[in-house]
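Notes for the one structure printed next.
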Amino acid sequence: MERKQGERQRGLFWTVATATLCRVVLNTARRFVYPFAPELGRGLGVPLTSMTSLIAVNQVTGLLGPLFGPLGDRIGYRIMMIAALGLLAGGMLAGGIFPVYGMVLVALVMVGLAKSIFDPALQAYVGKRVPYHRRGRVIGIMETAWAGSTLVGIPLVGILIRDFGWRAPFLVIGVLALVGMVMLAWIMPPGRKGFTDLRRGERFGAIFRKIGGNRRALGLLLFAFFVSAANDNFFVIYGAWLEGSFNLGVVAIGMVTIVIGVAELAGEALVAFVSDRLGLCRSVGLGLILSGACYLVLPCEGCSMPRAMGAIFCVFFAFEFSIVTALSLCTEILPGARATMMAGFLAAASAGRVAGAFMGGFIWQAGGIWATGLVSASISALALVSFIWGMYGWRPGQ
């Protein structure tokens, strides 16, 4: 018995490790267009406005996650993860082989769909296989793939573009996705009886009614929307804030992404090592309070560059700690439809990012960093109220 348990734990370790590396590749494919949009636009012969439209379409694909969550709960998480990597590989290779704007648009739509399929399936898989008291640690480790794309993936893409041209990242990421697909299919155990969460006869409409009729699920969806809107409300204007306050150039502002990447990594590491001990609900609440406080003090930190960098670090650290811990918690809310719940959570977060990005520029123009900080803090308070309303009185296993 102990031998079989040890084998299962080793198998889970290698599955999580491989899937996390695949997520680094997937997140890099999703994010590298942002800093290199001008270079890609020149390569395709289109203006920057066409590239930003392409980015917007890519972002909207995050709202399609709920269409795939129930499918993962029904046919199995392994199949969905492998299919997602196949989409990533096909899209990126097509974008690199056929260097025209329309094909690159299709490629990035496929990248967005791949992420909307892969992430909920992986998180649901972990929710099914990892005990609740260890889930924060495992989810926290997996989420380092987001910071890894900032600190490792995007710099490597820059080197590829510099040395081999703008098409090189598409081809390299496509090949890495194929390798990841083969490795995951080899390492991850095939589906078996009891591996999926839904009964075969259960209709998709009934699955969504489970979420709509569950106060805890709705509370977490509202939390995801508000906390993401608050963050993007600041994220879309931080470059303008630094440029106006310290007269920074484009290259210097780009270097700030390193600070953001380190903050994200620190937040994810804290989730891995602390959240299970503190308790997931308590950790989310503390992270939200810290996040709101960071937004409030932002306007006071514009007097010096080091203090501004420290403020930016704290904002993204607190945000990442809150949302990654909430992801761990989310895996336990609807055990009968884990992938559906995770897909809904990620879609709500995407909707929040779209809302935050849309209003961020207007709020900045209306009142500068003072207005941005106050609005983001207020929206964070709404996230805290939603979380408390949803999770009040909840205990694992309910």
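The chains in the structure tokens are called A, B, ... from first to last as shown; in each chain the residues are counted from 1, and the ligands are counted from 1 in the order shown.
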Practice task
Can you pull out every residue within 10 Å of Phe273 of chain A, counting only C-alpha atoms, but drop anything in the same chain fewer than 4 positions away, and send it as a list in words?
Solution key: Arg134, Gly136, Arg137, Val138, Gly140, Ile141, Glu268, Ala269, Arg277 and Leu278 of chain A
Store the residues picked out above, limited to C-alpha atoms, as a PDB file, in the first residue's frame.
ATOM      1  CA  ARG A 134      -1.672  20.806   0.630  1.00  0.00           C
ATOM      2  CA  GLY A 136      -2.207  26.003  -1.638  1.00  0.00           C
ATOM      3  CA  ARG A 137       1.368  24.794  -1.878  1.00  0.00           C
ATOM      4  CA  VAL A 138       0.880  22.910  -5.141  1.00  0.00           C
ATOM      5  CA  GLY A 140       1.315  28.263  -5.645  1.00  0.00           C
ATOM      6  CA  ILE A 141       4.178  26.312  -7.227  1.00  0.00           C
ATOM      7  CA  GLU A 268       3.282  32.905  -5.710  1.00  0.00           C
ATOM      8  CA  ALA A 269       6.087  31.619  -3.469  1.00  0.00           C
ATOM      9  CA  ARG A 277      -0.735  27.185   7.314  1.00  0.00           C
ATOM     10  CA  LEU A 278      -2.681  30.428   7.638  1.00  0.00           C
TER      11      LEU A 278
END
Problem - Nearest-residue call for Leu54 of chain A, choices A:Gly279, A:Gly310, A:Gly76, A:Gly102, using only C-alpha atoms - result: A:Gly102
Completion exercise
Using only C-alpha atoms, the best pick from A:Val271, A:Ala318, A:Gly336, A:Gly174 as closest to Gly127 of chain A would be A:Gly336
Taking only segment 148-369 of chain A into account, list the residues labelled alpha helix (DSSP H) by DSSP (computed from the backbone), as a PDB file with C-alpha atoms, in the first residue's frame.
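out_12.pdb was written with the following content:
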ATOM      1  CA  GLY A 148       8.456  32.591 -15.163  1.00  0.00           C
ATOM      2  CA  ILE A 154       9.879  37.116 -22.617  1.00  0.00           C
ATOM      3  CA  PRO A 155      13.628  37.933 -22.374  1.00  0.00           C
ATOM      4  CA  LEU A 156      14.377  34.780 -24.395  1.00  0.00           C
ATOM      5  CA  VAL A 157      11.797  35.830 -26.978  1.00  0.00           C
ATOM      6  CA  GLY A 158      13.613  39.159 -27.240  1.00  0.00           C
ATOM      7  CA  ILE A 159      16.874  37.351 -27.980  1.00  0.00           C
ATOM      8  CA  LEU A 160      15.173  35.187 -30.611  1.00  0.00           C
ATOM      9  CA  ILE A 161      13.698  38.234 -32.351  1.00  0.00           C
ATOM     10  CA  ARG A 162      17.027  40.075 -32.248  1.00  0.00           C
ATOM     11  CA  ASP A 163      19.046  37.163 -33.656  1.00  0.00           C
ATOM     12  CA  PHE A 164      16.585  35.377 -35.955  1.00  0.00           C
ATOM     13  CA  ALA A 168      11.399  32.793 -34.660  1.00  0.00           C
ATOM     14  CA  PRO A 169       9.366  32.890 -31.394  1.00  0.00           C
ATOM     15  CA  PHE A 170       6.326  31.468 -33.181  1.00  0.00           C
ATOM     16  CA  LEU A 171       8.289  28.523 -34.516  1.00  0.00           C
ATOM     17  CA  VAL A 172      10.216  27.825 -31.297  1.00  0.00           C
ATOM     18  CA  ILE A 173       7.128  28.030 -29.074  1.00  0.00           C
ATOM     19  CA  GLY A 174       5.240  25.798 -31.517  1.00  0.00           C
ATOM     20  CA  VAL A 175       7.940  23.119 -31.331  1.00  0.00           C
ATOM     21  CA  LEU A 176       8.120  23.372 -27.521  1.00  0.00           C
ATOM     22  CA  ALA A 177       4.340  22.935 -27.352  1.00  0.00           C
ATOM     23  CA  LEU A 178       4.606  19.748 -29.417  1.00  0.00           C
ATOM     24  CA  VAL A 179       7.313  18.437 -27.088  1.00  0.00           C
ATOM     25  CA  GLY A 180       5.185  19.336 -24.067  1.00  0.00           C
ATOM     26  CA  MET A 181       2.172  17.585 -25.556  1.00  0.00           C
ATOM     27  CA  VAL A 182       4.147  14.362 -26.043  1.00  0.00           C
ATOM     28  CA  MET A 183       5.718  14.549 -22.566  1.00  0.00           C
ATOM     29  CA  LEU A 184       2.396  15.187 -20.842  1.00  0.00           C
ATOM     30  CA  ALA A 185       0.704  12.342 -22.718  1.00  0.00           C
ATOM     31  CA  TRP A 186       3.541  10.023 -21.625  1.00  0.00           C
ATOM     32  CA  ILE A 187       3.783  11.088 -17.978  1.00  0.00           C
ATOM     33  CA  PHE A 204     -24.305  21.455 -19.481  1.00  0.00           C
ATOM     34  CA  GLY A 205     -27.168  23.751 -18.435  1.00  0.00           C
ATOM     35  CA  ALA A 206     -27.462  21.933 -15.121  1.00  0.00           C
ATOM     36  CA  ILE A 207     -23.750  22.442 -14.560  1.00  0.00           C
ATOM     37  CA  PHE A 208     -24.016  26.223 -14.914  1.00  0.00           C
ATOM     38  CA  ARG A 209     -27.076  26.277 -12.666  1.00  0.00           C
ATOM     39  CA  LYS A 210     -24.885  24.741  -9.981  1.00  0.00           C
ATOM     40  CA  ILE A 211     -22.709  27.856 -10.088  1.00  0.00           C
ATOM     41  CA  GLY A 212     -25.594  30.313 -10.364  1.00  0.00           C
ATOM     42  CA  ARG A 215     -23.499  31.641  -2.980  1.00  0.00           C
ATOM     43  CA  ARG A 216     -19.873  30.630  -2.488  1.00  0.00           C
ATOM     44  CA  ALA A 217     -19.276  30.189  -6.196  1.00  0.00           C
ATOM     45  CA  LEU A 218     -20.898  33.531  -7.001  1.00  0.00           C
ATOM     46  CA  GLY A 219     -18.885  35.252  -4.278  1.00  0.00           C
ATOM     47  CA  LEU A 220     -15.635  33.962  -5.758  1.00  0.00           C
ATOM     48  CA  LEU A 221     -16.643  34.970  -9.290  1.00  0.00           C
ATOM     49  CA  LEU A 222     -17.400  38.515  -8.107  1.00  0.00           C
ATOM     50  CA  PHE A 223     -14.113  38.546  -6.207  1.00  0.00           C
ATOM     51  CA  ALA A 224     -12.217  37.525  -9.348  1.00  0.00           C
ATOM     52  CA  PHE A 225     -13.909  40.256 -11.389  1.00  0.00           C
ATOM     53  CA  PHE A 226     -13.321  43.071  -8.906  1.00  0.00           C
ATOM     54  CA  VAL A 227      -9.756  42.202  -7.891  1.00  0.00           C
ATOM     55  CA  SER A 228      -8.707  41.935 -11.564  1.00  0.00           C
ATOM     56  CA  ALA A 229     -10.464  45.194 -12.493  1.00  0.00           C
ATOM     57  CA  ALA A 230      -8.679  47.006  -9.664  1.00  0.00           C
ATOM     58  CA  ASN A 231      -5.290  45.704 -10.795  1.00  0.00           C
ATOM     59  CA  ASP A 232      -5.711  46.499 -14.489  1.00  0.00           C
ATOM     60  CA  ASN A 233      -7.068  49.943 -13.682  1.00  0.00           C
ATOM     61  CA  PHE A 234      -3.553  50.678 -12.413  1.00  0.00           C
ATOM     62  CA  PHE A 235      -1.612  48.364 -14.748  1.00  0.00           C
ATOM     63  CA  TYR A 238       1.655  52.752 -14.620  1.00  0.00           C
ATOM     64  CA  GLY A 239       3.902  53.533 -17.606  1.00  0.00           C
ATOM     65  CA  ALA A 240       2.288  56.944 -18.047  1.00  0.00           C
ATOM     66  CA  TRP A 241       2.656  57.593 -14.299  1.00  0.00           C
ATOM     67  CA  LEU A 242       6.364  56.771 -14.315  1.00  0.00           C
ATOM     68  CA  GLU A 243       6.963  58.705 -17.518  1.00  0.00           C
ATOM     69  CA  GLY A 244       5.207  61.788 -16.192  1.00  0.00           C
ATOM     70  CA  SER A 245       6.721  61.641 -12.710  1.00  0.00           C
ATOM     71  CA  PHE A 246      10.306  60.698 -13.537  1.00  0.00           C
ATOM     72  CA  VAL A 250      10.452  53.399 -23.100  1.00  0.00           C
ATOM     73  CA  VAL A 251      13.433  51.152 -22.314  1.00  0.00           C
ATOM     74  CA  ALA A 252      13.509  52.186 -18.657  1.00  0.00           C
ATOM     75  CA  ILE A 253       9.768  51.644 -18.291  1.00  0.00           C
ATOM     76  CA  GLY A 254      10.203  48.230 -19.892  1.00  0.00           C
ATOM     77  CA  MET A 255      12.725  47.337 -17.205  1.00  0.00           C
ATOM     78  CA  VAL A 256       9.981  47.816 -14.621  1.00  0.00           C
ATOM     79  CA  THR A 257       8.489  44.563 -15.889  1.00  0.00           C
ATOM     80  CA  ILE A 258      11.359  42.848 -14.060  1.00  0.00           C
ATOM     81  CA  VAL A 259      10.123  44.381 -10.796  1.00  0.00           C
ATOM     82  CA  ILE A 260       6.592  43.189 -11.603  1.00  0.00           C
ATOM     83  CA  GLY A 261       7.850  39.704 -12.463  1.00  0.00           C
ATOM     84  CA  VAL A 262       9.799  39.431  -9.190  1.00  0.00           C
ATOM     85  CA  ALA A 263       6.728  40.653  -7.272  1.00  0.00           C
ATOM     86  CA  GLU A 264       4.555  38.013  -8.949  1.00  0.00           C
ATOM     87  CA  LEU A 265       7.104  35.308  -8.162  1.00  0.00           C
ATOM     88  CA  ALA A 266       7.314  36.415  -4.533  1.00  0.00           C
ATOM     89  CA  GLY A 267       3.526  36.378  -4.197  1.00  0.00           C
ATOM     90  CA  GLU A 268       3.282  32.905  -5.710  1.00  0.00           C
ATOM     91  CA  ALA A 269       6.087  31.619  -3.469  1.00  0.00           C
ATOM     92  CA  LEU A 270       4.343  33.001  -0.387  1.00  0.00           C
ATOM     93  CA  ASP A 276      -2.006  26.385   3.815  1.00  0.00           C
ATOM     94  CA  ARG A 277      -0.735  27.185   7.314  1.00  0.00           C
ATOM     95  CA  LEU A 278      -2.681  30.428   7.638  1.00  0.00           C
ATOM     96  CA  LEU A 280      -6.820  29.799   2.454  1.00  0.00           C
ATOM     97  CA  CYS A 281      -9.770  32.030   3.378  1.00  0.00           C
ATOM     98  CA  ARG A 282      -7.748  34.030   5.887  1.00  0.00           C
ATOM     99  CA  SER A 283      -4.898  34.376   3.370  1.00  0.00           C
ATOM    100  CA  VAL A 284      -7.184  35.778   0.666  1.00  0.00           C
ATOM    101  CA  GLY A 285      -8.646  38.300   3.120  1.00  0.00           C
ATOM    102  CA  LEU A 286      -5.219  39.467   4.304  1.00  0.00           C
ATOM    103  CA  GLY A 287      -4.006  39.770   0.718  1.00  0.00           C
ATOM    104  CA  LEU A 288      -7.020  41.892  -0.245  1.00  0.00           C
ATOM    105  CA  ILE A 289      -6.545  44.240   2.717  1.00  0.00           C
ATOM    106  CA  LEU A 290      -2.863  44.658   1.835  1.00  0.00           C
ATOM    107  CA  SER A 291      -3.757  45.200  -1.819  1.00  0.00           C
ATOM    108  CA  GLY A 292      -6.258  47.952  -1.016  1.00  0.00           C
ATOM    109  CA  ALA A 293      -3.758  49.659   1.273  1.00  0.00           C
ATOM    110  CA  CYS A 294      -1.102  49.572  -1.458  1.00  0.00           C
ATOM    111  CA  TYR A 295      -3.413  51.295  -3.937  1.00  0.00           C
ATOM    112  CA  LEU A 296      -4.217  54.000  -1.384  1.00  0.00           C
ATOM    113  CA  VAL A 297      -0.555  54.867  -0.739  1.00  0.00           C
ATOM    114  CA  MET A 305      11.900  56.507  -8.085  1.00  0.00           C
ATOM    115  CA  PRO A 306      12.895  53.891  -5.444  1.00  0.00           C
ATOM    116  CA  ARG A 307       9.685  54.485  -3.507  1.00  0.00           C
ATOM    117  CA  ALA A 308       7.616  54.248  -6.685  1.00  0.00           C
ATOM    118  CA  MET A 309       9.299  50.945  -7.540  1.00  0.00           C
ATOM    119  CA  GLY A 310       8.612  49.695  -4.031  1.00  0.00           C
ATOM    120  CA  ALA A 311       4.958  50.666  -4.347  1.00  0.00           C
ATOM    121  CA  ILE A 312       4.613  48.880  -7.691  1.00  0.00           C
ATOM    122  CA  PHE A 313       6.267  45.789  -6.209  1.00  0.00           C
ATOM    123  CA  CYS A 314       3.836  45.775  -3.264  1.00  0.00           C
ATOM    124  CA  VAL A 315       0.781  46.236  -5.499  1.00  0.00           C
ATOM    125  CA  PHE A 316       1.594  43.244  -7.698  1.00  0.00           C
ATOM    126  CA  PHE A 317       2.847  41.142  -4.791  1.00  0.00           C
ATOM    127  CA  ALA A 318      -0.427  41.591  -2.878  1.00  0.00           C
ATOM    128  CA  PHE A 319      -2.555  41.030  -5.990  1.00  0.00           C
ATOM    129  CA  GLU A 320      -0.751  37.836  -6.934  1.00  0.00           C
ATOM    130  CA  PHE A 321      -0.896  36.470  -3.395  1.00  0.00           C
ATOM    131  CA  SER A 322      -4.653  37.120  -3.219  1.00  0.00           C
ATOM    132  CA  ILE A 323      -5.679  35.698  -6.564  1.00  0.00           C
ATOM    133  CA  VAL A 324      -3.429  32.621  -6.499  1.00  0.00           C
ATOM    134  CA  THR A 325      -4.654  31.705  -3.016  1.00  0.00           C
ATOM    135  CA  ALA A 326      -8.218  32.172  -4.243  1.00  0.00           C
ATOM    136  CA  LEU A 327      -7.460  29.802  -7.138  1.00  0.00           C
ATOM    137  CA  SER A 328      -6.447  27.153  -4.586  1.00  0.00           C
ATOM    138  CA  LEU A 329      -9.661  27.736  -2.666  1.00  0.00           C
ATOM    139  CA  CYS A 330     -11.746  27.670  -5.822  1.00  0.00           C
ATOM    140  CA  ARG A 338     -14.165  21.579 -10.749  1.00  0.00           C
ATOM    141  CA  ALA A 339     -13.098  22.501 -14.281  1.00  0.00           C
ATOM    142  CA  THR A 340     -16.348  24.386 -14.840  1.00  0.00           C
ATOM    143  CA  MET A 341     -15.815  26.370 -11.638  1.00  0.00           C
ATOM    144  CA  MET A 342     -12.187  27.134 -12.491  1.00  0.00           C
ATOM    145  CA  ALA A 343     -13.127  28.177 -16.019  1.00  0.00           C
ATOM    146  CA  GLY A 344     -15.809  30.491 -14.633  1.00  0.00           C
ATOM    147  CA  PHE A 345     -13.326  32.010 -12.176  1.00  0.00           C
ATOM    148  CA  LEU A 346     -10.755  32.675 -14.902  1.00  0.00           C
ATOM    149  CA  ALA A 347     -13.423  34.094 -17.234  1.00  0.00           C
ATOM    150  CA  ALA A 348     -14.615  36.454 -14.486  1.00  0.00           C
ATOM    151  CA  ALA A 349     -11.011  37.556 -13.972  1.00  0.00           C
ATOM    152  CA  SER A 350     -10.664  38.174 -17.731  1.00  0.00           C
ATOM    153  CA  ALA A 351     -13.856  40.239 -17.733  1.00  0.00           C
ATOM    154  CA  GLY A 352     -12.469  42.240 -14.815  1.00  0.00           C
ATOM    155  CA  ARG A 353      -9.228  42.892 -16.687  1.00  0.00           C
ATOM    156  CA  VAL A 354     -11.157  44.097 -19.723  1.00  0.00           C
ATOM    157  CA  ALA A 355     -13.260  46.420 -17.536  1.00  0.00           C
ATOM    158  CA  GLY A 356     -10.208  47.705 -15.673  1.00  0.00           C
ATOM    159  CA  ALA A 357      -8.265  48.340 -18.857  1.00  0.00           C
ATOM    160  CA  PHE A 358     -11.218  50.156 -20.402  1.00  0.00           C
ATOM    161  CA  MET A 359     -11.808  52.531 -17.494  1.00  0.00           C
ATOM    162  CA  GLY A 360      -8.173  52.966 -16.456  1.00  0.00           C
ATOM    163  CA  GLY A 361      -7.300  55.535 -19.127  1.00  0.00           C
ATOM    164  CA  PHE A 362     -10.382  57.652 -18.449  1.00  0.00           C
ATOM    165  CA  ILE A 363      -9.803  57.667 -14.691  1.00  0.00           C
ATOM    166  CA  TRP A 364      -6.145  58.584 -15.204  1.00  0.00           C
ATOM    167  CA  GLN A 365      -7.077  61.487 -17.470  1.00  0.00           C
ATOM    168  CA  ALA A 366      -9.726  62.686 -15.024  1.00  0.00           C
ATOM    169  CA  GLY A 367      -7.657  62.701 -11.823  1.00  0.00           C
ATOM    170  CA  GLY A 368      -4.172  61.264 -12.299  1.00  0.00           C
ATOM    171  CA  ILE A 369      -2.585  58.788  -9.908  1.00  0.00           C
TER     172      ILE A 369
END
Exercise for the section: Name all residues at most 9 Å from Ala114 of chain A (count only C-alpha atoms; drop same-chain ones fewer than 3 positions away) and give them as a PyMOL selection string. Expected result: chain A and resi 26+81+83-88+109-111+117-119
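Using only C-alpha atoms, the smallest distance between any of A:Ala124, A:Val236, A:Leu64, A:Ile388 and Ile333 of chain A comes from A:Ala124.
Among the candidates A:Ala19, A:Leu122, A:Thr61, A:Trp394, the one nearest to Asn214 of chain A when counting only C-alpha atoms is A:Trp394.
Distances from A:Leu40, A:Cys22, A:Ala337, A:Leu384 to Gly165 of chain A were compared using only C-alpha atoms, and the smallest one belongs to A:Leu40.
For the pair atom CA of Pro190 of chain A and atom CA of Ser116 of chain A, the interatomic distance is 21.6 Å.
Among the candidates A:Phe387, A:Trp166, A:Trp14, A:Trp370, the one nearest to Gly41 of chain A when counting only C-alpha atoms is A:Trp166.
Atom pair atom CA of Leu105 of chain A / atom CA of Tyr34 of chain A has a distance of 13.8 Å (rounded to one decimal).
Taking atom CA of Asn27 of chain A as the reference point, atom CA of Met92 of chain A is found at 12.8 Å.
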